[in-house]
$ cat final18.txt   # compact mmCIF, C-alpha atoms
# COMPACT_ATOMS: atom_id res chain seq x y z
CA MET L 14 25.23 -64.06 24.88
CA GLU L 15 28.13 -63.25 22.64
CA LEU L 16 31.65 -63.92 23.86
CA LYS L 17 35.00 -62.49 22.97
CA THR L 18 38.16 -63.30 24.92
CA PHE L 19 41.04 -60.92 25.50
CA PRO L 20 44.45 -61.64 27.09
CA ALA L 21 44.56 -60.04 30.54
CA THR L 22 47.34 -57.61 29.67
CA ILE L 23 47.33 -53.83 29.77
CA ASP L 24 47.66 -53.70 25.97
CA SER L 25 44.17 -55.22 25.71
CA LEU L 26 42.45 -52.17 27.24
CA ASP L 27 42.15 -50.37 23.94
CA ALA L 28 40.79 -53.46 22.15
CA ILE L 29 38.28 -54.14 24.95
CA ARG L 30 37.01 -50.56 24.74
CA GLN L 31 36.71 -50.72 20.95
CA TYR L 32 34.84 -54.04 21.15
CA VAL L 33 32.39 -52.86 23.83
CA LYS L 34 31.88 -49.59 21.94
CA GLU L 35 30.94 -51.48 18.78
CA LYS L 36 28.50 -53.78 20.63
CA SER L 37 27.00 -50.88 22.59
CA GLN L 38 26.37 -48.88 19.43
CA GLU L 39 24.85 -51.93 17.72
CA ALA L 40 22.52 -52.29 20.72
CA GLY L 41 21.32 -48.71 20.26
CA VAL L 42 22.90 -47.17 23.35
CA ASP L 43 23.39 -43.43 22.78
CA LYS L 44 26.78 -41.77 22.50
CA LYS L 45 27.00 -40.38 26.02
CA ALA L 46 25.81 -43.57 27.72
CA THR L 47 28.25 -45.57 25.59
CA TYR L 48 31.10 -43.29 26.64
CA ASN L 49 30.23 -43.68 30.32
CA LEU L 50 30.03 -47.45 29.87
CA LEU L 51 33.48 -47.40 28.27
CA VAL L 52 34.89 -45.51 31.26
CA ALA L 53 33.32 -48.17 33.53
CA VAL L 54 34.59 -51.20 31.59
CA ASP L 55 38.02 -49.62 31.27
CA GLU L 56 38.23 -49.17 35.05
CA ILE L 57 37.23 -52.73 35.85
CA ALA L 58 39.37 -54.25 33.09
CA THR L 59 42.34 -52.25 34.43
CA ASN L 60 41.74 -53.59 37.94
CA ILE L 61 41.47 -57.18 36.75
CA ILE L 62 44.60 -56.89 34.63
CA LEU L 63 46.78 -55.05 37.16
CA TYR L 64 45.62 -56.46 40.49
CA GLY L 65 44.12 -59.78 39.45
CA TYR L 66 46.84 -60.89 37.10
CA GLN L 67 49.92 -58.72 36.60
CA ASN L 68 50.73 -57.98 40.27
CA THR L 69 50.22 -61.60 41.27
CA GLY L 70 52.30 -62.93 38.38
CA LEU L 71 49.36 -64.86 36.96
CA GLU L 72 48.55 -65.11 33.29
CA GLY L 73 45.04 -65.36 32.02
CA ASN L 74 42.19 -63.93 30.03
CA ILE L 75 39.15 -61.74 30.40
CA ASP L 76 36.03 -63.18 28.82
CA VAL L 77 33.77 -60.38 27.64
CA PHE L 78 30.14 -61.43 27.26
CA SER L 79 27.53 -59.10 25.87
CA GLU L 80 23.82 -59.25 25.32
CA ALA L 81 21.27 -56.74 24.06
CA THR L 82 17.53 -56.58 24.43
CA PRO L 83 15.40 -53.68 23.16
CA THR L 84 15.56 -52.06 26.61
CA GLN L 85 18.91 -53.14 28.01
CA PHE L 86 22.52 -53.70 27.08
CA LYS L 87 24.52 -55.96 29.35
CA VAL L 88 28.26 -56.63 29.48
CA ILE L 89 29.79 -59.27 31.74
CA PHE L 90 33.51 -59.70 32.40
CA GLU L 91 34.59 -63.10 33.68
CA ASP L 92 38.08 -63.96 34.87
CA ASP L 93 39.88 -66.61 36.89
CA ALA L 94 42.04 -64.32 39.01
CA THR L 95 41.85 -64.07 42.81
CA PRO L 96 38.34 -63.15 43.99
CA PHE L 97 38.03 -59.38 44.15
CA ASP L 98 34.83 -57.45 44.72
CA PRO L 99 35.31 -53.87 43.49
CA THR L 100 32.05 -52.76 45.12
CA THR L 101 33.61 -53.16 48.59
CA ARG L 102 35.96 -50.30 47.83
CA GLU L 103 35.30 -47.15 49.82
CA LEU L 104 33.91 -44.46 47.55
CA PRO L 105 34.97 -40.85 47.62
CA ASP L 106 32.14 -38.56 48.73
CA GLU L 107 31.06 -34.97 48.30
CA GLU L 108 33.47 -33.89 51.02
CA ASP L 109 36.44 -35.36 49.14
CA PHE L 110 35.29 -33.72 45.92
CA ASN L 111 35.35 -30.31 47.57
CA LEU L 112 38.88 -30.66 48.89
CA PRO L 113 41.61 -28.77 47.10
CA LEU L 114 43.40 -31.01 44.63
CA GLU L 115 46.57 -31.18 46.69
CA GLU L 116 44.67 -32.68 49.63
CA ARG L 117 42.49 -35.09 47.73
CA PRO L 118 42.85 -38.82 48.21
CA ILE L 119 44.03 -40.29 44.95
CA GLY L 120 42.12 -43.59 45.10
CA GLY L 121 38.51 -44.62 44.63
CA LEU L 122 37.79 -42.43 41.62
CA GLY L 123 37.71 -45.34 39.21
CA ILE L 124 35.08 -47.35 41.04
CA TYR L 125 33.08 -44.17 41.57
CA LEU L 126 33.04 -43.53 37.82
CA THR L 127 32.15 -47.18 37.23
CA ILE L 128 29.15 -47.21 39.52
CA THR L 129 27.86 -43.83 38.42
CA GLY L 130 28.56 -44.51 34.75
CA VAL L 131 26.08 -47.35 34.21
CA SER L 132 22.47 -48.06 35.18
CA ASP L 133 23.56 -50.97 37.35
CA PHE L 134 26.93 -52.43 38.28
CA SER L 135 27.27 -55.64 40.27
CA TYR L 136 29.83 -58.24 41.18
CA GLU L 137 29.55 -61.93 41.98
CA TYR L 138 31.91 -64.86 42.44
CA LYS L 139 30.47 -67.88 40.76
CA ASN L 140 31.95 -71.21 39.61
CA ASN L 141 35.38 -70.01 40.79
CA ARG L 142 35.22 -66.98 38.55
CA ASN L 143 34.95 -63.23 39.13
CA ARG L 144 31.93 -61.82 37.34
CA ASN L 145 31.62 -58.05 36.89
CA ILE L 146 28.26 -57.12 35.43
CA PHE L 147 27.45 -53.81 33.72
CA VAL L 148 23.89 -52.97 32.72
CA VAL L 149 22.86 -49.95 30.65
CA ASP L 150 19.20 -49.13 30.21
CA ILE L 151 18.44 -48.14 26.65
CA LYS L 152 16.39 -44.98 26.36
CA SER L 153 13.75 -45.13 23.69
CA PRO L 154 14.51 -42.62 20.96
CA MET S 3 43.35 -45.26 19.21
CA ASP S 4 46.97 -44.23 19.67
CA PHE S 5 47.87 -41.78 22.36
CA THR S 6 50.44 -39.07 21.71
CA ILE S 7 51.74 -36.27 23.89
CA THR S 8 53.96 -33.30 23.22
CA SER S 9 55.30 -30.82 25.73
CA GLU S 10 57.30 -27.62 26.02
CA VAL S 11 58.15 -25.33 28.91
CA VAL S 12 58.65 -21.65 28.16
CA ASP S 13 58.93 -18.95 30.87
CA LYS S 14 57.59 -21.26 33.61
CA VAL S 15 54.56 -22.21 31.51
CA ALA S 16 54.37 -25.94 30.71
CA LYS S 17 52.24 -26.68 27.69
CA LEU S 18 51.19 -30.24 26.96
CA LYS S 19 49.08 -31.41 24.05
CA LEU S 20 47.32 -34.74 24.46
CA THR S 21 45.85 -36.61 21.52
CA GLY S 22 43.90 -39.88 21.41
CA GLU S 23 42.67 -41.91 24.37
CA LEU S 24 43.97 -41.58 27.91
CA ASP S 25 43.64 -44.92 29.74
CA SER S 26 45.81 -46.63 32.37
CA LEU S 27 48.45 -47.47 29.80
CA SER S 28 48.73 -44.00 28.27
CA ALA S 29 48.38 -42.36 31.71
CA ARG S 30 51.87 -43.71 32.46
CA VAL S 31 53.21 -41.76 29.49
CA PHE S 32 51.28 -38.67 30.65
CA GLN S 33 52.71 -39.02 34.16
CA LYS S 34 56.30 -39.35 32.84
CA GLU S 35 55.79 -36.17 30.83
CA ILE S 36 54.47 -34.38 33.94
CA GLU S 37 57.51 -35.55 35.90
CA LYS S 38 59.73 -34.24 33.12
CA VAL S 39 58.18 -30.75 32.99
CA ALA S 40 58.03 -30.60 36.81
CA LEU S 41 61.85 -30.45 36.82
CA GLU S 42 61.56 -26.93 35.44
CA SER S 43 59.20 -25.86 38.26
CA PRO S 44 56.46 -24.34 36.10
CA THR S 45 53.85 -22.08 37.68
CA GLU S 46 51.27 -22.80 34.98
CA LEU S 47 50.33 -26.11 33.45
CA VAL S 48 48.41 -25.83 30.20
CA LEU S 49 46.80 -29.01 28.90
CA ASP S 50 45.45 -28.89 25.37
CA LEU S 51 42.76 -31.59 25.30
CA GLU S 52 41.00 -30.61 22.09
CA ASN S 53 41.93 -33.90 20.45
CA LEU S 54 41.59 -36.14 23.49
CA SER S 55 38.56 -38.38 23.04
CA PHE S 56 38.68 -40.54 26.19
CA MET S 57 39.88 -40.09 29.75
CA SER S 58 39.73 -42.72 32.48
CA SER S 59 40.30 -42.22 36.20
CA ALA S 60 43.98 -42.94 35.57
CA GLY S 61 44.07 -39.64 33.69
CA LEU S 62 42.31 -37.85 36.55
CA ARG S 63 44.85 -39.27 38.97
CA VAL S 64 47.68 -37.78 36.91
CA LEU S 65 45.95 -34.38 37.17
CA ILE S 66 45.84 -34.73 40.95
CA PHE S 67 49.43 -35.97 40.91
CA SER S 68 50.49 -32.86 38.92
CA LYS S 69 49.18 -30.55 41.60
CA GLN S 70 50.71 -32.63 44.37
CA LYS S 71 54.04 -32.78 42.55
CA MET S 72 54.30 -29.16 41.47
CA GLY S 73 52.76 -27.58 44.53
CA VAL S 74 49.80 -25.41 45.43
CA GLY S 75 51.20 -22.48 43.45
CA LEU S 76 50.55 -24.31 40.19
CA THR S 77 47.63 -23.10 38.08
CA ILE S 78 46.18 -25.71 35.75
CA TYR S 79 44.45 -24.73 32.51
CA ILE S 80 42.52 -27.23 30.46
CA VAL S 81 42.08 -25.97 26.93
CA LYS S 82 39.10 -26.97 24.79
CA PRO S 83 38.21 -30.30 26.41
CA GLN S 84 35.45 -32.31 24.73
CA GLU S 85 32.10 -32.05 26.49
CA ILE S 86 32.15 -35.65 27.62
CA ILE S 87 35.50 -35.09 29.38
CA VAL S 88 34.15 -31.95 31.07
CA ASP S 89 31.35 -34.20 32.39
CA THR S 90 33.91 -36.48 34.02
CA LEU S 91 35.76 -33.52 35.55
CA GLU S 92 32.49 -32.15 36.94
CA LYS S 93 31.30 -35.49 38.23
CA THR S 94 34.50 -35.88 40.26
CA GLY S 95 34.69 -32.28 41.44
CA LEU S 96 37.93 -31.63 39.59
CA GLN S 97 36.51 -28.66 37.72
CA HIS S 98 36.90 -26.63 40.96
CA SER S 99 40.65 -27.11 40.86
CA VAL S 100 41.36 -26.45 37.22
CA ASN S 101 40.48 -23.66 34.80
CA ILE S 102 38.57 -24.85 31.78
CA VAL S 103 39.21 -22.40 28.96
CA ASP S 104 38.69 -22.05 25.20
CA GLN S 105 42.17 -20.76 24.55
CA TYR S 106 45.48 -20.00 26.19
CA PRO S 107 46.59 -17.34 26.97
CA VAL S 108 43.11 -16.73 28.36
$ encode --input "final18.txt" --output "structure tokens"
Amino acid sequence: MELKTFPATIDSLDAIRQYVKEKSQEAGVDKKATYNLLVAVDEIATNIILYGYQNTGLEGNIDVFSEATPTQFKVIFEDDATPFDPTTRELPDEEDFNLPLEERPIGGLGIYLTITGVSDFSYEYKNNRNRNIFVVDIKSP
Amino acid sequence: MDFTITSEVVDKVAKLKLTGELDSLSARVFQKEIEKVALESPTELVLDLENLSFMSSAGLRVLIFSKQKMGVGLTIYIVKPQEIIVDTLEKTGLQHSVNIVDQYPV
């Protein structure tokens, strides 16, 4: 696994996306799947930075691990903020999506895009760290 | 990539041009611009997204916010969005509430 560490500040979002994009392309993930992965990592990084660190007054880092095999590209975010499992968030459903914009609930879109944007998204709390795991299956050309 | 936004309101039509990547950080700038043009009570909001290469849910939330802020009478046009951004709008059902067009005036 390769590791790169970013300060858990909102200014890091762009750099995290650029880094994951580079690794994803190196791994052979196609353009569309890479884009959807970037939306997913951006959502989770935003949550960690805003709710894990900034709003609680904590300072820290996000460790971004990545690993590629011929069939799979995996990204893992690890951080030391308060345990938070994004998968427990209530997801918007078809009914919400059909509501007129002015009546739509404003939350939950990010986690929806995260879960639907990768082949598998999971969360675990291990060794006192949050671990958000993104897996993208690589389609053979 | 840097995010830039320009806006003008002429005859109740607010035109905004977004360039770069729209994430949680740049969505704050987008929201401020929406709040600014909302003061002139536009009836049409025209978003030129031709040069926008990334949009996170924070960007989608500003779209929803626009409608909630400016009222049900507001018509939203999204001009020339990149295909990948149209995918996000479709996936989240937002394409029903906006008009995706190749040019404005339509």
$ atom_distance --input "final18.txt" --atom1 "CA of Leu126 (chain L)" --atom2 "CA of Ser153 (chain L)"
24.0 Å
$ closest_residue --input "final18.txt" --among "L:Glu115, L:Asp98, L:Asp93, L:Asp133" --to "chain S" --atoms "all atoms listed in the file"
L:Glu115
$ closest_residue --input "final18.txt" --among "L:Gly41, L:Pro99, L:Gly130, L:Gly120" --to "Asn143 (chain L)" --atoms "only C-alpha atoms"
L:Pro99
$ closest_residue --input "final18.txt" --among "L:Ser25, L:Ser135, L:Asn111, L:Gln38" --to "Ala58 (chain L)" --atoms "all atoms listed in the file"
L:Ser25
$ interface_residues --input "final18.txt" --of "chain L" --to "chain S" --cutoff "6 Å" --atoms "only C-alpha atoms" --output "CSV table (one decimal) with C-alpha atoms, in the coordinates of the input"
chain,number,residue,atom,x,y,z
L,52,VAL,CA,34.9,-45.5,31.3
L,110,PHE,CA,35.3,-33.7,45.9
L,114,LEU,CA,43.4,-31.0,44.6
L,115,GLU,CA,46.6,-31.2,46.7
L,122,LEU,CA,37.8,-42.4,41.6
L,123,GLY,CA,37.7,-45.3,39.2
$ residues_around --input "final18.txt" --residues "Ser132 (chain L)" --least-positions-apart "3" --cutoff "12 Å" --atoms "all atoms listed in the file" --output "number ranges by chain"
L: 42, 46-47, 49-50, 53, 84-88, 126-129, 135, 146-152
$ write_last_selection --input "final18.txt" --atoms "C-alpha atoms" --output "compact mmCIF listing (two decimals), in the frame of the given file"
# COMPACT_ATOMS: atom_id res chain seq x y z
CA VAL L 42 22.90 -47.17 23.35
CA ALA L 46 25.81 -43.57 27.72
CA THR L 47 28.25 -45.57 25.59
CA ASN L 49 30.23 -43.68 30.32
CA LEU L 50 30.03 -47.45 29.87
CA ALA L 53 33.32 -48.17 33.53
CA THR L 84 15.56 -52.06 26.61
CA GLN L 85 18.91 -53.14 28.01
CA PHE L 86 22.52 -53.70 27.08
CA LYS L 87 24.52 -55.96 29.35
CA VAL L 88 28.26 -56.63 29.48
CA LEU L 126 33.04 -43.53 37.82
CA THR L 127 32.15 -47.18 37.23
CA ILE L 128 29.15 -47.21 39.52
CA THR L 129 27.86 -43.83 38.42
CA SER L 135 27.27 -55.64 40.27
CA ILE L 146 28.26 -57.12 35.43
CA PHE L 147 27.45 -53.81 33.72
CA VAL L 148 23.89 -52.97 32.72
CA VAL L 149 22.86 -49.95 30.65
CA ASP L 150 19.20 -49.13 30.21
CA ILE L 151 18.44 -48.14 26.65
CA LYS L 152 16.39 -44.98 26.36
$ residues_around --input "final18.txt" --residues "Thr101 (chain L)" --least-positions-apart "3" --cutoff "12 Å" --atoms "only C-alpha atoms" --output "PDB file with C-alpha atoms, in the coordinates of the input"
ATOM      1  CA  PRO L  96      38.340 -63.150  43.990  1.00  0.00           C
ATOM      2  CA  PHE L  97      38.030 -59.380  44.150  1.00  0.00           C
ATOM      3  CA  ASP L  98      34.830 -57.450  44.720  1.00  0.00           C
ATOM      4  CA  LEU L 104      33.910 -44.460  47.550  1.00  0.00           C
ATOM      5  CA  GLY L 121      38.510 -44.620  44.630  1.00  0.00           C
ATOM      6  CA  ILE L 124      35.080 -47.350  41.040  1.00  0.00           C
ATOM      7  CA  TYR L 125      33.080 -44.170  41.570  1.00  0.00           C
ATOM      8  CA  ILE L 128      29.150 -47.210  39.520  1.00  0.00           C
ATOM      9  CA  SER L 135      27.270 -55.640  40.270  1.00  0.00           C
ATOM     10  CA  TYR L 136      29.830 -58.240  41.180  1.00  0.00           C
ATOM     11  CA  GLU L 137      29.550 -61.930  41.980  1.00  0.00           C
TER      12      GLU L 137
END
$ atom_distance --input "final18.txt" --atom1 "CA of Glu116 (chain L)" --atom2 "CA of Asp104 (chain S)"
27.3 Å
$ axis_aligned_box --input "final18.txt" --around "region 31-35 of chain S" --padding-each-side "5 Å" --output "lines of an AutoDock Vina configuration file"
center_x = 53.8
center_y = -39.0
center_z = 31.8
size_x = 15.0
size_y = 15.6
size_z = 14.7
$ closest_residue --input "final18.txt" --among "L:Glu103, L:Thr59, L:Glu80, L:Thr95" --to "Ala21 (chain L)" --atoms "all atoms listed in the file"
L:Thr59
$ closest_residue --input "final18.txt" --among "L:Ala28, L:Gln67, L:Asn60, L:Asp92" --to "Asn140 (chain L)" --atoms "all atoms listed in the file"
L:Asp92
$ closest_residue --input "final18.txt" --among "S:Ile36, S:Val48, S:Val31, S:Leu41" --to "Tyr79 (chain S)" --atoms "all atoms listed in the file"
S:Val48
$ atom_distance --input "final18.txt" --atom1 "CA of Ile80 (chain S)" --atom2 "CA of Glu108 (chain L)"
23.4 Å
$ residues_around --input "final18.txt" --residues "Ile29 (chain L)" --least-positions-apart "3" --cutoff "9 Å" --atoms "all atoms listed in the file" --output "number ranges by chain"
L: 19, 25-26, 32-34, 51, 54-55, 58, 77
